[in-house]
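start-v2.cif follows; it contains mmCIF, C-alpha atoms and all ligand atoms.
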data_input
#
loop_
_atom_site.label_atom_id
_atom_site.label_comp_id
_atom_site.auth_asym_id
_atom_site.auth_seq_id
_atom_site.Cartn_x
_atom_site.Cartn_y
_atom_site.Cartn_z
CA MET L 31 50.00 -0.16 -9.83
CA SER L 32 50.85 1.10 -13.31
CA GLY L 33 54.46 1.95 -14.12
CA ILE L 34 55.57 5.52 -14.68
CA ALA L 35 58.16 6.61 -17.25
CA PHE L 36 59.68 10.01 -18.00
CA SER L 37 59.79 11.13 -21.66
CA GLY L 38 61.49 14.51 -21.91
CA SER L 39 59.53 16.80 -19.62
CA GLU L 40 56.42 14.59 -19.86
CA LEU L 41 55.67 11.90 -17.31
CA SER L 42 54.01 9.04 -19.08
CA LEU L 43 51.17 7.54 -17.06
CA SER L 44 48.16 5.35 -17.67
CA ASP L 45 45.22 7.44 -18.98
CA GLU L 46 43.34 6.21 -15.93
CA ALA L 47 45.90 7.47 -13.39
CA VAL L 48 44.89 9.53 -10.38
CA LEU L 49 47.44 12.31 -9.79
CA VAL L 50 47.87 13.06 -6.09
CA ILE L 51 49.64 16.31 -5.19
CA GLY L 52 51.29 16.02 -1.76
CA ALA L 53 52.76 13.02 0.09
CA GLY L 54 51.44 14.02 3.52
CA LEU L 55 49.25 11.79 5.66
CA GLY L 56 46.08 12.36 3.61
CA GLY L 57 47.70 11.96 0.18
CA LEU L 58 49.52 8.78 1.21
CA CYS L 59 46.36 7.31 2.74
CA LEU L 60 44.59 7.93 -0.57
CA ALA L 61 47.49 6.40 -2.51
CA GLN L 62 47.48 3.25 -0.34
CA GLY L 63 43.70 2.99 -0.76
CA LEU L 64 43.92 3.33 -4.54
CA ARG L 65 46.72 0.75 -4.66
CA LYS L 66 44.49 -1.66 -2.75
CA ALA L 67 41.61 -0.96 -5.16
CA GLY L 68 43.89 -1.55 -8.17
CA ILE L 69 43.53 2.03 -9.45
CA PRO L 70 46.71 3.50 -10.99
CA CYS L 71 48.04 6.46 -9.07
CA ALA L 72 51.14 8.65 -8.80
CA VAL L 73 52.02 11.00 -5.95
CA PHE L 74 54.00 14.23 -6.47
CA GLU L 75 55.69 15.81 -3.46
CA ARG L 76 57.46 19.17 -3.35
CA ASP L 77 59.92 18.22 -0.60
CA SER L 78 63.08 16.47 -1.68
CA SER L 79 62.55 13.63 0.82
CA PRO L 80 60.11 12.55 3.55
CA GLU L 81 62.53 13.82 6.26
CA PHE L 82 62.89 17.26 4.70
CA ARG L 83 60.58 19.36 6.87
CA ARG L 84 59.69 19.49 10.55
CA GLN L 85 55.93 19.22 10.93
CA GLY L 86 55.64 18.28 14.59
CA TYR L 87 56.23 15.06 16.40
CA ARG L 88 53.37 13.30 18.10
CA LEU L 89 49.97 12.67 16.54
CA HIS L 90 46.93 11.60 18.49
CA ILE L 91 45.03 9.12 16.36
CA ASP L 92 41.38 8.40 17.13
CA SER L 93 38.85 6.03 15.57
CA ARG L 94 38.63 8.13 12.38
CA GLY L 95 42.37 7.84 11.69
CA ASP L 96 42.62 4.25 12.86
CA GLY L 97 39.58 3.26 10.76
CA ALA L 98 41.08 4.94 7.68
CA LEU L 99 44.41 3.18 8.14
CA ARG L 100 42.69 -0.17 8.65
CA ALA L 101 40.74 0.40 5.40
CA VAL L 102 43.70 1.33 3.17
CA LEU L 103 46.76 -0.51 4.52
CA PRO L 104 47.62 -4.16 4.06
CA PRO L 105 46.81 -5.90 7.40
CA HIS L 106 50.50 -6.31 8.40
CA LEU L 107 51.13 -2.55 8.05
CA HIS L 108 48.02 -1.65 10.02
CA GLU L 109 49.25 -4.03 12.70
CA LEU L 110 52.65 -2.32 12.60
CA PHE L 111 50.96 1.07 13.05
CA ARG L 112 49.21 -0.33 16.14
CA ALA L 113 52.43 -1.93 17.42
CA THR L 114 54.31 1.38 17.20
CA SER L 115 51.56 3.49 18.81
CA GLY L 116 51.53 4.35 22.51
CA ARG L 117 48.39 4.03 24.64
CA PRO L 118 48.13 7.24 26.67
CA ARG L 119 45.67 7.54 29.55
CA PRO L 120 42.37 8.25 27.71
CA ALA L 121 41.79 11.71 29.15
CA ALA L 122 42.75 15.36 28.87
CA ALA L 123 44.31 16.54 32.14
CA ILE L 124 44.01 20.27 32.88
CA TYR L 125 46.18 22.06 35.46
CA ASP L 126 46.76 25.71 36.28
CA ASP L 127 50.19 27.33 35.99
CA GLN L 128 50.99 26.35 39.60
CA LEU L 129 50.40 22.66 38.86
CA THR L 130 47.06 22.48 40.65
CA SER L 131 44.75 20.01 38.95
CA GLN L 132 41.61 21.76 37.61
CA MET L 133 39.84 19.09 35.63
CA ASP L 134 40.25 15.65 34.08
CA VAL L 135 38.14 15.18 30.97
CA ALA L 136 37.64 11.57 29.79
CA GLU L 137 38.17 11.09 26.04
CA PRO L 138 34.82 10.21 24.44
CA ASP L 139 36.44 8.26 21.55
CA PRO L 140 37.26 4.60 22.33
CA VAL L 141 40.49 4.74 20.25
CA ASN L 142 43.38 6.79 21.68
CA LEU L 143 46.76 6.12 20.09
CA ASN L 144 49.79 8.41 20.14
CA ILE L 145 52.26 7.89 17.32
CA ASN L 146 55.37 9.63 16.11
CA ARG L 147 54.40 11.48 12.90
CA PHE L 148 57.44 10.35 10.93
CA THR L 149 56.88 6.71 11.95
CA LEU L 150 53.35 6.88 10.55
CA ARG L 151 54.55 8.55 7.37
CA GLN L 152 57.18 5.83 6.87
CA ILE L 153 54.52 3.13 7.31
CA LEU L 154 52.27 4.89 4.78
CA LEU L 155 55.14 5.06 2.28
CA GLU L 156 55.94 1.35 2.63
CA GLY L 157 55.28 -0.78 -0.45
CA PHE L 158 54.28 2.22 -2.56
CA ASP L 159 56.83 3.18 -5.19
CA ASN L 160 55.04 5.83 -7.24
CA VAL L 161 55.96 8.80 -5.04
CA HIS L 162 58.02 11.48 -6.81
CA PHE L 163 59.90 13.76 -4.43
CA GLY L 164 61.20 17.18 -5.51
CA LYS L 165 58.12 17.77 -7.72
CA GLU L 166 56.51 21.08 -6.87
CA PHE L 167 53.07 21.40 -8.41
CA VAL L 168 52.39 24.87 -9.87
CA GLY L 169 49.11 24.57 -11.81
CA TYR L 170 46.78 22.39 -13.88
CA GLU L 171 44.71 22.42 -17.07
CA GLN L 172 41.45 20.48 -17.44
CA GLN L 173 41.28 19.12 -21.02
CA HIS L 174 38.68 16.80 -22.57
CA GLY L 175 38.07 14.69 -19.47
CA SER L 176 41.73 14.58 -18.45
CA VAL L 177 43.90 16.84 -16.28
CA LEU L 178 47.40 18.05 -17.04
CA ALA L 179 49.50 18.91 -13.96
CA HIS L 180 52.44 21.30 -14.29
CA PHE L 181 55.50 21.21 -12.03
CA ALA L 182 58.05 23.89 -11.17
CA ASP L 183 60.84 21.99 -13.00
CA GLY L 184 58.90 22.31 -16.28
CA SER L 185 57.64 18.71 -16.36
CA THR L 186 53.99 17.74 -16.68
CA ALA L 187 51.84 14.69 -15.94
CA ARG L 188 48.43 13.79 -17.36
CA GLY L 189 45.79 11.78 -15.54
CA ARG L 190 42.06 11.15 -15.22
CA ILE L 191 41.71 12.89 -11.85
CA LEU L 192 43.80 15.43 -9.91
CA VAL L 193 43.66 15.44 -6.10
CA GLY L 194 45.07 18.37 -4.12
CA ALA L 195 46.46 16.82 -0.92
CA ASP L 196 49.00 19.64 -0.68
CA GLY L 197 48.27 21.00 2.78
CA VAL L 198 47.21 24.35 4.17
CA ASN L 199 48.93 26.45 1.45
CA SER L 200 47.45 24.25 -1.32
CA ALA L 201 48.29 25.47 -4.82
CA VAL L 202 45.51 23.20 -6.15
CA ARG L 203 42.93 24.92 -3.90
CA ARG L 204 44.18 28.39 -4.87
CA GLN L 205 43.47 27.61 -8.53
CA TYR L 206 40.34 25.46 -8.10
CA LEU L 207 38.47 27.28 -5.31
CA PRO L 208 40.07 30.74 -5.18
CA HIS L 209 37.30 32.03 -2.89
CA ALA L 210 38.23 29.55 -0.12
CA ARG L 211 40.03 31.44 2.66
CA ILE L 212 42.79 30.52 5.09
CA ILE L 213 43.04 32.90 8.05
CA ASP L 214 45.34 33.49 11.02
CA THR L 215 43.87 32.21 14.31
CA GLY L 216 45.95 34.75 16.26
CA LEU L 217 47.78 31.85 17.94
CA ARG L 218 51.42 30.90 17.78
CA GLN L 219 52.89 27.62 18.91
CA LEU L 220 56.47 27.08 20.08
CA TYR L 221 57.09 23.40 19.73
CA GLY L 222 59.59 21.32 21.69
CA LYS L 223 60.46 17.80 22.71
CA ILE L 224 61.88 16.09 25.82
CA PRO L 225 63.48 12.63 25.49
CA LEU L 226 62.07 10.40 28.25
CA THR L 227 65.04 9.27 30.36
CA PRO L 228 64.99 8.11 34.01
CA GLN L 229 65.83 11.75 34.97
CA THR L 230 63.26 13.53 32.80
CA ARG L 231 60.52 11.02 33.73
CA GLU L 232 60.72 12.52 37.25
CA LEU L 233 59.20 15.71 35.83
CA PHE L 234 55.90 14.02 35.00
CA ASP L 235 53.29 12.52 37.34
CA PRO L 236 51.77 9.26 36.05
CA GLU L 237 48.46 11.10 35.35
CA MET L 238 50.32 13.42 32.96
CA HIS L 239 50.89 10.53 30.53
CA ALA L 240 47.46 11.34 29.15
CA VAL L 241 46.25 11.96 25.58
CA PHE L 242 46.92 15.63 26.30
CA CYS L 243 47.87 17.44 29.47
CA MET L 244 47.82 21.21 29.71
CA PHE L 245 49.13 23.78 32.17
CA GLY L 246 47.35 27.09 31.69
CA ALA L 247 47.59 30.70 32.90
CA PRO L 248 44.59 33.06 33.25
CA ASP L 249 45.55 34.80 29.94
CA LYS L 250 45.08 31.41 28.19
CA THR L 251 48.77 30.91 27.52
CA VAL L 252 49.08 27.12 27.72
CA LEU L 253 51.91 24.63 27.83
CA GLY L 254 50.60 21.33 26.45
CA ILE L 255 52.41 18.01 26.79
CA ALA L 256 51.76 14.55 25.32
CA PRO L 257 53.81 11.33 25.39
CA VAL L 258 55.06 9.13 22.57
CA ASP L 259 56.20 5.69 23.62
CA TYR L 260 56.28 2.26 22.12
CA PRO L 261 54.44 -0.79 23.46
CA GLU L 262 57.15 -3.09 22.04
CA PRO L 263 60.68 -2.33 20.80
CA VAL L 264 60.34 -0.84 17.31
CA ALA L 265 63.00 -3.13 15.77
CA GLU L 266 61.15 -6.21 17.05
CA ALA L 267 57.81 -4.95 15.72
CA CYS L 268 59.42 -4.36 12.28
CA ALA L 269 61.16 -7.75 12.26
CA ARG L 270 57.83 -9.42 13.08
CA LEU L 271 55.61 -7.46 10.69
CA ALA L 272 57.63 -5.67 7.96
CA PRO L 273 61.24 -6.90 7.88
CA THR L 274 62.24 -4.61 4.97
CA LEU L 275 61.14 -1.45 6.78
CA ARG L 276 63.67 0.46 8.91
CA LEU L 277 61.72 2.75 11.19
CA ARG L 278 64.02 5.55 12.26
CA ASP L 279 62.43 6.85 15.45
CA ARG L 280 62.39 4.47 18.39
CA GLU L 281 63.08 6.44 21.60
CA PRO L 282 60.17 7.59 23.80
CA TYR L 283 59.67 11.31 24.35
CA MET L 284 57.28 13.90 25.71
CA THR L 285 56.19 16.44 23.13
CA ASN L 286 55.71 19.99 24.48
CA ALA L 287 54.07 23.03 22.93
CA LEU L 288 53.50 26.54 24.18
CA PHE L 289 50.29 28.05 22.78
CA THR L 290 50.12 31.82 23.09
CA ARG L 291 48.55 34.84 21.38
CA LYS L 292 50.83 36.53 18.86
CA GLU L 293 50.46 39.88 20.72
CA PHE L 294 52.20 38.32 23.74
CA LEU L 295 55.37 37.63 21.74
CA PRO L 296 57.97 40.33 21.07
CA HIS L 297 58.74 38.99 17.57
CA SER L 298 57.14 38.99 14.12
CA ASP L 299 56.59 35.60 12.45
CA ALA L 300 59.62 36.14 10.23
CA GLU L 301 61.75 36.91 13.29
CA LEU L 302 60.39 33.84 15.12
CA ARG L 303 61.36 31.62 12.20
CA GLY L 304 64.89 33.03 12.37
CA LEU L 305 65.42 32.32 16.09
CA SER L 306 67.71 29.50 17.19
CA GLY L 307 66.43 26.63 19.37
CA PRO L 308 67.97 28.07 22.56
CA ALA L 309 66.49 31.52 21.79
CA LEU L 310 63.03 29.96 21.30
CA GLY L 311 63.47 28.12 24.61
CA GLU L 312 64.32 31.44 26.32
CA LEU L 313 61.21 32.98 24.79
CA VAL L 314 59.05 30.20 26.23
CA LEU L 315 60.66 30.62 29.66
CA ASP L 316 59.95 34.35 29.44
CA ARG L 317 56.27 33.65 28.68
CA ILE L 318 55.97 31.32 31.69
CA LYS L 319 57.77 33.49 34.28
CA GLY L 320 56.34 32.77 37.74
CA TRP L 321 54.89 29.38 36.70
CA HIS L 322 55.54 26.34 38.88
CA PRO L 323 59.28 25.41 38.89
CA ARG L 324 58.51 21.89 37.62
CA ILE L 325 56.78 23.30 34.51
CA ARG L 326 59.78 25.58 33.93
CA ALA L 327 62.10 22.61 34.40
CA MET L 328 60.23 20.82 31.59
CA VAL L 329 61.12 23.66 29.20
CA HIS L 330 64.74 23.61 30.41
CA SER L 331 64.81 19.95 29.25
CA TRP L 332 63.75 20.71 25.65
CA VAL L 333 66.17 19.55 22.95
CA PRO L 334 67.28 22.91 21.43
CA GLU L 335 67.61 21.65 17.84
CA ALA L 336 64.12 20.12 17.99
CA THR L 337 62.40 23.43 18.86
CA PHE L 338 60.49 25.40 16.24
CA PRO L 339 57.60 27.90 15.86
CA VAL L 340 54.24 27.28 14.13
CA VAL L 341 51.78 29.94 12.95
CA ILE L 342 48.35 28.42 13.57
CA ARG L 343 45.86 29.04 10.78
CA THR L 344 42.42 27.75 9.92
CA SER L 345 40.26 27.40 6.86
CA VAL L 346 36.90 29.18 6.76
CA PRO L 347 34.12 26.72 5.82
CA ILE L 348 32.56 27.35 2.40
CA GLY L 349 29.41 26.14 0.67
CA PRO L 350 29.15 23.40 -2.00
CA TRP L 351 30.83 23.67 -5.40
CA GLU L 352 30.25 21.72 -8.60
CA ALA L 353 32.15 18.41 -8.73
CA THR L 354 34.67 17.91 -11.58
CA ASN L 355 37.75 15.73 -12.04
CA VAL L 356 39.75 17.97 -9.66
CA THR L 357 39.20 17.55 -5.93
CA LEU L 358 40.82 18.25 -2.57
CA LEU L 359 41.45 16.51 0.72
CA GLY L 360 42.85 17.19 4.19
CA ASP L 361 44.36 20.53 5.14
CA ALA L 362 44.13 21.63 1.50
CA ILE L 363 40.38 22.12 2.00
CA HIS L 364 39.66 22.01 5.75
CA ALA L 365 42.79 23.10 7.63
CA MET L 366 42.02 23.59 11.30
CA SER L 367 43.61 24.61 14.56
CA PRO L 368 45.22 21.63 16.36
CA ALA L 369 43.00 22.22 19.45
CA ALA L 370 40.87 19.12 18.82
CA ALA L 371 43.72 16.98 17.36
CA ALA L 372 41.47 16.33 14.36
CA GLY L 373 43.45 17.52 11.30
CA ALA L 374 45.43 14.35 10.56
CA ASN L 375 42.53 12.12 11.52
CA THR L 376 40.24 13.95 9.12
CA ALA L 377 42.85 14.06 6.34
CA MET L 378 43.35 10.28 6.55
CA LYS L 379 39.59 9.70 6.66
CA ASP L 380 39.32 11.79 3.46
CA GLY L 381 41.99 9.65 1.80
CA ALA L 382 40.19 6.41 2.69
CA GLU L 383 36.74 7.78 1.74
CA LEU L 384 37.93 9.11 -1.62
CA ALA L 385 39.70 5.82 -2.43
CA ALA L 386 36.50 3.91 -1.56
CA ALA L 387 34.37 6.27 -3.68
CA LEU L 388 36.68 5.98 -6.71
CA GLY L 389 36.92 2.21 -6.20
CA SER L 390 33.10 1.95 -6.30
CA GLY L 391 33.20 2.98 -9.98
CA GLU L 392 30.11 5.17 -9.54
CA ALA L 393 29.72 8.00 -12.05
CA ASP L 394 29.48 10.74 -9.41
CA ALA L 395 32.11 9.29 -7.05
CA ILE L 396 33.86 12.65 -6.53
CA GLY L 397 30.61 14.53 -5.91
CA ALA L 398 29.50 11.90 -3.37
CA TYR L 399 32.89 12.07 -1.59
CA GLU L 400 32.84 15.89 -1.51
CA HIS L 401 29.28 15.97 -0.16
CA GLU L 402 30.27 13.87 2.89
CA MET L 403 33.71 15.43 3.30
CA ARG L 404 32.32 18.99 3.49
CA ASP L 405 29.98 17.89 6.31
CA TYR L 406 32.47 16.14 8.59
CA GLY L 407 35.52 18.21 7.52
CA PHE L 408 34.01 21.63 8.16
CA ALA L 409 32.32 20.32 11.34
CA ALA L 410 35.82 19.46 12.58
CA VAL L 411 37.03 22.97 11.62
CA ARG L 412 34.22 24.52 13.71
CA THR L 413 34.82 22.23 16.72
CA SER L 414 38.57 22.94 16.58
CA ALA L 415 37.91 26.70 16.44
CA GLN L 416 35.53 26.51 19.43
CA MET L 417 37.99 24.48 21.48
CA GLY L 418 40.89 26.71 20.39
CA HIS L 419 38.93 29.77 21.53
CA GLN L 420 37.92 28.22 24.84
CA TYR L 421 41.33 26.88 25.84
CA PHE L 422 43.94 28.98 24.00
CA GLY L 423 42.22 32.26 23.09
CA GLN L 424 42.01 31.54 19.33
CA ASP L 425 40.06 34.15 17.31
CA PRO L 426 36.52 32.91 16.57
CA LEU L 427 35.73 31.98 12.95
CA PRO L 428 34.27 34.90 10.95
CA THR L 429 30.49 35.14 11.30
CA ASP L 430 30.04 34.76 7.50
CA ALA L 431 31.58 31.23 7.56
CA ALA L 432 29.12 29.07 5.56
C1 LIG L 501 52.14 20.91 15.88
C2 LIG L 501 50.99 20.17 15.27
C3 LIG L 501 50.41 19.10 15.95
C4 LIG L 501 49.33 18.39 15.39
N1 LIG L 501 48.78 17.34 16.05
C5 LIG L 501 47.75 16.65 15.52
C6 LIG L 501 47.18 15.51 16.17
O1 LIG L 501 47.59 15.12 17.27
N2 LIG L 501 46.15 14.84 15.56
C7 LIG L 501 45.66 15.26 14.36
O2 LIG L 501 44.70 14.65 13.85
N3 LIG L 501 46.19 16.33 13.69
C8 LIG L 501 47.21 17.02 14.24
N4 LIG L 501 47.76 18.09 13.57
C9 LIG L 501 47.25 18.46 12.24
C10 LIG L 501 47.85 17.58 11.16
O3 LIG L 501 49.26 17.60 11.23
C11 LIG L 501 47.40 18.02 9.77
O4 LIG L 501 46.02 18.27 9.76
C12 LIG L 501 47.74 16.93 8.74
O5 LIG L 501 49.13 16.79 8.61
C13 LIG L 501 47.11 17.25 7.39
O6 LIG L 501 47.49 16.26 6.47
P1 LIG L 501 47.51 16.59 4.92
O7 LIG L 501 47.95 15.34 4.25
O8 LIG L 501 46.24 17.21 4.51
O9 LIG L 501 48.60 17.73 4.78
P2 LIG L 501 50.16 17.69 5.09
O10 LIG L 501 50.46 16.65 6.11
O11 LIG L 501 50.53 19.11 5.38
O12 LIG L 501 50.81 17.23 3.72
C14 LIG L 501 50.81 18.06 2.58
C15 LIG L 501 51.99 17.67 1.71
O13 LIG L 501 51.89 18.38 0.47
C16 LIG L 501 53.19 18.83 0.11
N5 LIG L 501 53.05 20.01 -0.77
C17 LIG L 501 52.69 21.26 -0.42
N6 LIG L 501 52.66 22.05 -1.51
C18 LIG L 501 53.02 21.29 -2.57
C19 LIG L 501 53.16 21.54 -3.97
N7 LIG L 501 52.94 22.76 -4.51
N8 LIG L 501 53.54 20.52 -4.78
C20 LIG L 501 53.77 19.27 -4.26
N9 LIG L 501 53.65 18.98 -2.94
C21 LIG L 501 53.26 19.98 -2.10
C22 LIG L 501 53.84 19.18 1.46
O14 LIG L 501 55.25 19.22 1.36
C23 LIG L 501 53.33 18.03 2.33
O15 LIG L 501 54.17 16.91 2.31
C24 LIG L 501 48.83 18.80 14.13
C25 LIG L 501 49.43 19.88 13.45
C26 LIG L 501 50.49 20.56 14.01
C27 LIG L 501 51.11 21.71 13.26
#
Full structure transcribed into structure tokens:
Amino acid sequence: MSGIAFSGSELSLSDEAVLVIGAGLGGLCLAQGLRKAGIPCAVFERDSSPEFRRQGYRLHIDSRGDGALRAVLPPHLHELFRATSGRPRPAAAIYDDQLTSQMDVAEPDPVNLNINRFTLRQILLEGFDNVHFGKEFVGYEQQHGSVLAHFADGSTARGRILVGADGVNSAVRRQYLPHARIIDTGLRQLYGKIPLTPQTRELFDPEMHAVFCMFGAPDKTVLGIAPVDYPEPVAEACARLAPTLRLRDREPYMTNALFTRKEFLPHSDAELRGLSGPALGELVLDRIKGWHPRIRAMVHSWVPEATFPVVIRTSVPIGPWEATNVTLLGDAIHAMSPAAAAGANTAMKDGAELAAALGSGEADAIGAYEHEMRDYGFAAVRTSAQMGHQYFGQDPLPTDAA
């Protein structure tokens, strides 16, 4: 990895550096893959630290995410990822709002791992020192085969390639592909978390420790739950595999999320964002009036300060564009509803695929990456939209989606 030095408002980098905007799961996967391939790279993240923002808790990782992590991480860190991932029952369990089992759908993918999002992010940050927090990207200029990135603090950085890994509101995408649209799915998610103690464990039947378990009403309002637990104590796994790493989260929990149409809520998005944890909990209880008392008891067990709202949006697939030395990955290009739990898996696959393409040294590495990524990325957007419509009442994608 090449060193990085600040000179005035200029960051001095190797001419060959890849500039990655965004230290989310996709950007960090790319950075780890480039490090492994010996390609200089620097990551620029708007948040002041990795803990800054709540983005959800549990992630379901399937063979796409696991394969990407295996490809980019040193073996001991991939092993640590596996050692800190729970093994839920490989099925989706579907109940009605009175707790009557409706269906149990076996997961088709052979890999089903549930991990705490922040744990995974910490593992992806390990051993990689070229991440610059507090650097908000605002725009770029393409100049004579190089790219100059501009940041909100007035500084700039020049590199060979610029990668927008800056999530659903991507500033890179807005400049590079201004015709690409992000739209509201009509769904809102109220997100909560229940620590798993001997008392709260009583709320959940063993079959509910599945990849995903949902309780649904006829109007498609759904309470979804999913466990995060650890096959071995986290401190022991770290001591065995990465003694310098201090993983912060180590207590098992059940993640909970209410999915509902925005019309069913009495608040605008701005008002939702302003509600306290207890007020959001009351709102959920109001939405599930008359549901089985055990489901209501789950919501009563939410940790108030860990409750927050999410506006669920999706990208609209677009046709091919001409490849240059600016590209995109993850939610920045193919954001999707969480219905198929595919967003993080696809973002990490992008990171691994792009690192492999750049490592191959082929002249059209970016074009080849984008060709594949558009296929599997937009396919995942469509599948997520179909599942979101079927299970949660998400608006269908516009009919003009490419
Ligand atoms: C509640 C919830 C549950 C989910 N569960 C799952 C799941 O189980 N499985 C799954 O596969 N997916 C899941 N997803 C989707 C998944 O979280 C996303 O698809 C994934 O995080 C996308 O990764 P990314 O790296 O593309 O973007 P992000 O993780 O959003 O990272 C983007 C980064 O860019 C930074 N950034 C943004 N703008 C700028 C800027 N201007 N300058 C610098 N930095 C910037 C952001 O701060 C952020 O750190 C879930 C999503 C939600 C909301």
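We find atom CA of L:Asn144 and atom CA of L:Ser115 to be spaced 5.4 Å apart.
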Kindly provide, as a ChimeraX atom specification, all nucleotide and amino acid residues lying within 8 Å of ligand LIG 501 (chain L), counting only C-alpha atoms and all ligand atoms. /L:51-58,74-77,80,83,85-92,95,144,164-168,181,195-202,219,221,287,340,342,359-362,365-368,370-378
Name the residues within 12 Å of (34.7, 4.7, -3.4), counting all atoms listed in the file in the file's coordinates, and put them as an MDAnalysis selection string. chainID L and resid 60 63:64 66:67 69 101:102 380:400 402
L:Phe111, L:Tyr260, L:Phe158, L:Tyr406 ranked by distance to L:Arg65, top pick (using only C-alpha atoms):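 The answer is L:Phe158, which sits nearest to L:Arg65.
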Which is closest to L:Gln132 among L:Arg100, L:Ala247, L:His209, L:Glu171, if we use only C-alpha atoms? L:Ala247
Regenerate stretch 91-96 of chain L at the level of all heavy atoms and dump it as a compact mmCIF listing (two decimals), keeping the file's coordinate frame.
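Just written: result21.txt:
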# COMPACT_ATOMS: atom_id res chain seq x y z
N ILE L 91 45.89 9.75 17.36
CA ILE L 91 45.03 9.12 16.36
C ILE L 91 43.80 8.55 17.06
O ILE L 91 43.92 7.79 18.04
CB ILE L 91 45.78 8.00 15.60
CG1 ILE L 91 47.06 8.56 14.93
CG2 ILE L 91 44.87 7.32 14.57
CD1 ILE L 91 46.84 9.65 13.91
N ASP L 92 42.62 8.91 16.55
CA ASP L 92 41.38 8.40 17.13
C ASP L 92 40.73 7.42 16.16
O ASP L 92 41.37 6.97 15.19
CB ASP L 92 40.46 9.58 17.51
CG ASP L 92 40.07 10.44 16.31
OD1 ASP L 92 40.11 9.93 15.17
OD2 ASP L 92 39.71 11.61 16.52
N SER L 93 39.46 7.09 16.39
CA SER L 93 38.85 6.03 15.57
C SER L 93 38.74 6.43 14.10
O SER L 93 38.74 5.56 13.23
CB SER L 93 37.50 5.61 16.14
OG SER L 93 36.69 6.73 16.30
N ARG L 94 38.69 7.74 13.80
CA ARG L 94 38.63 8.13 12.38
C ARG L 94 39.94 7.78 11.68
O ARG L 94 39.95 7.17 10.60
CB ARG L 94 38.40 9.65 12.25
CG ARG L 94 37.05 10.10 12.69
CD ARG L 94 37.00 11.60 12.85
NE ARG L 94 37.86 12.07 13.94
CZ ARG L 94 37.92 13.32 14.38
NH1 ARG L 94 37.18 14.25 13.79
NH2 ARG L 94 38.70 13.68 15.38
N GLY L 95 41.07 8.14 12.30
CA GLY L 95 42.37 7.84 11.69
C GLY L 95 42.65 6.35 11.67
O GLY L 95 43.12 5.80 10.66
N ASP L 96 42.36 5.69 12.79
CA ASP L 96 42.62 4.25 12.86
C ASP L 96 41.75 3.50 11.84
O ASP L 96 42.22 2.59 11.15
CB ASP L 96 42.32 3.76 14.28
CG ASP L 96 42.60 2.28 14.46
OD1 ASP L 96 43.69 1.83 14.06
OD2 ASP L 96 41.73 1.56 14.99
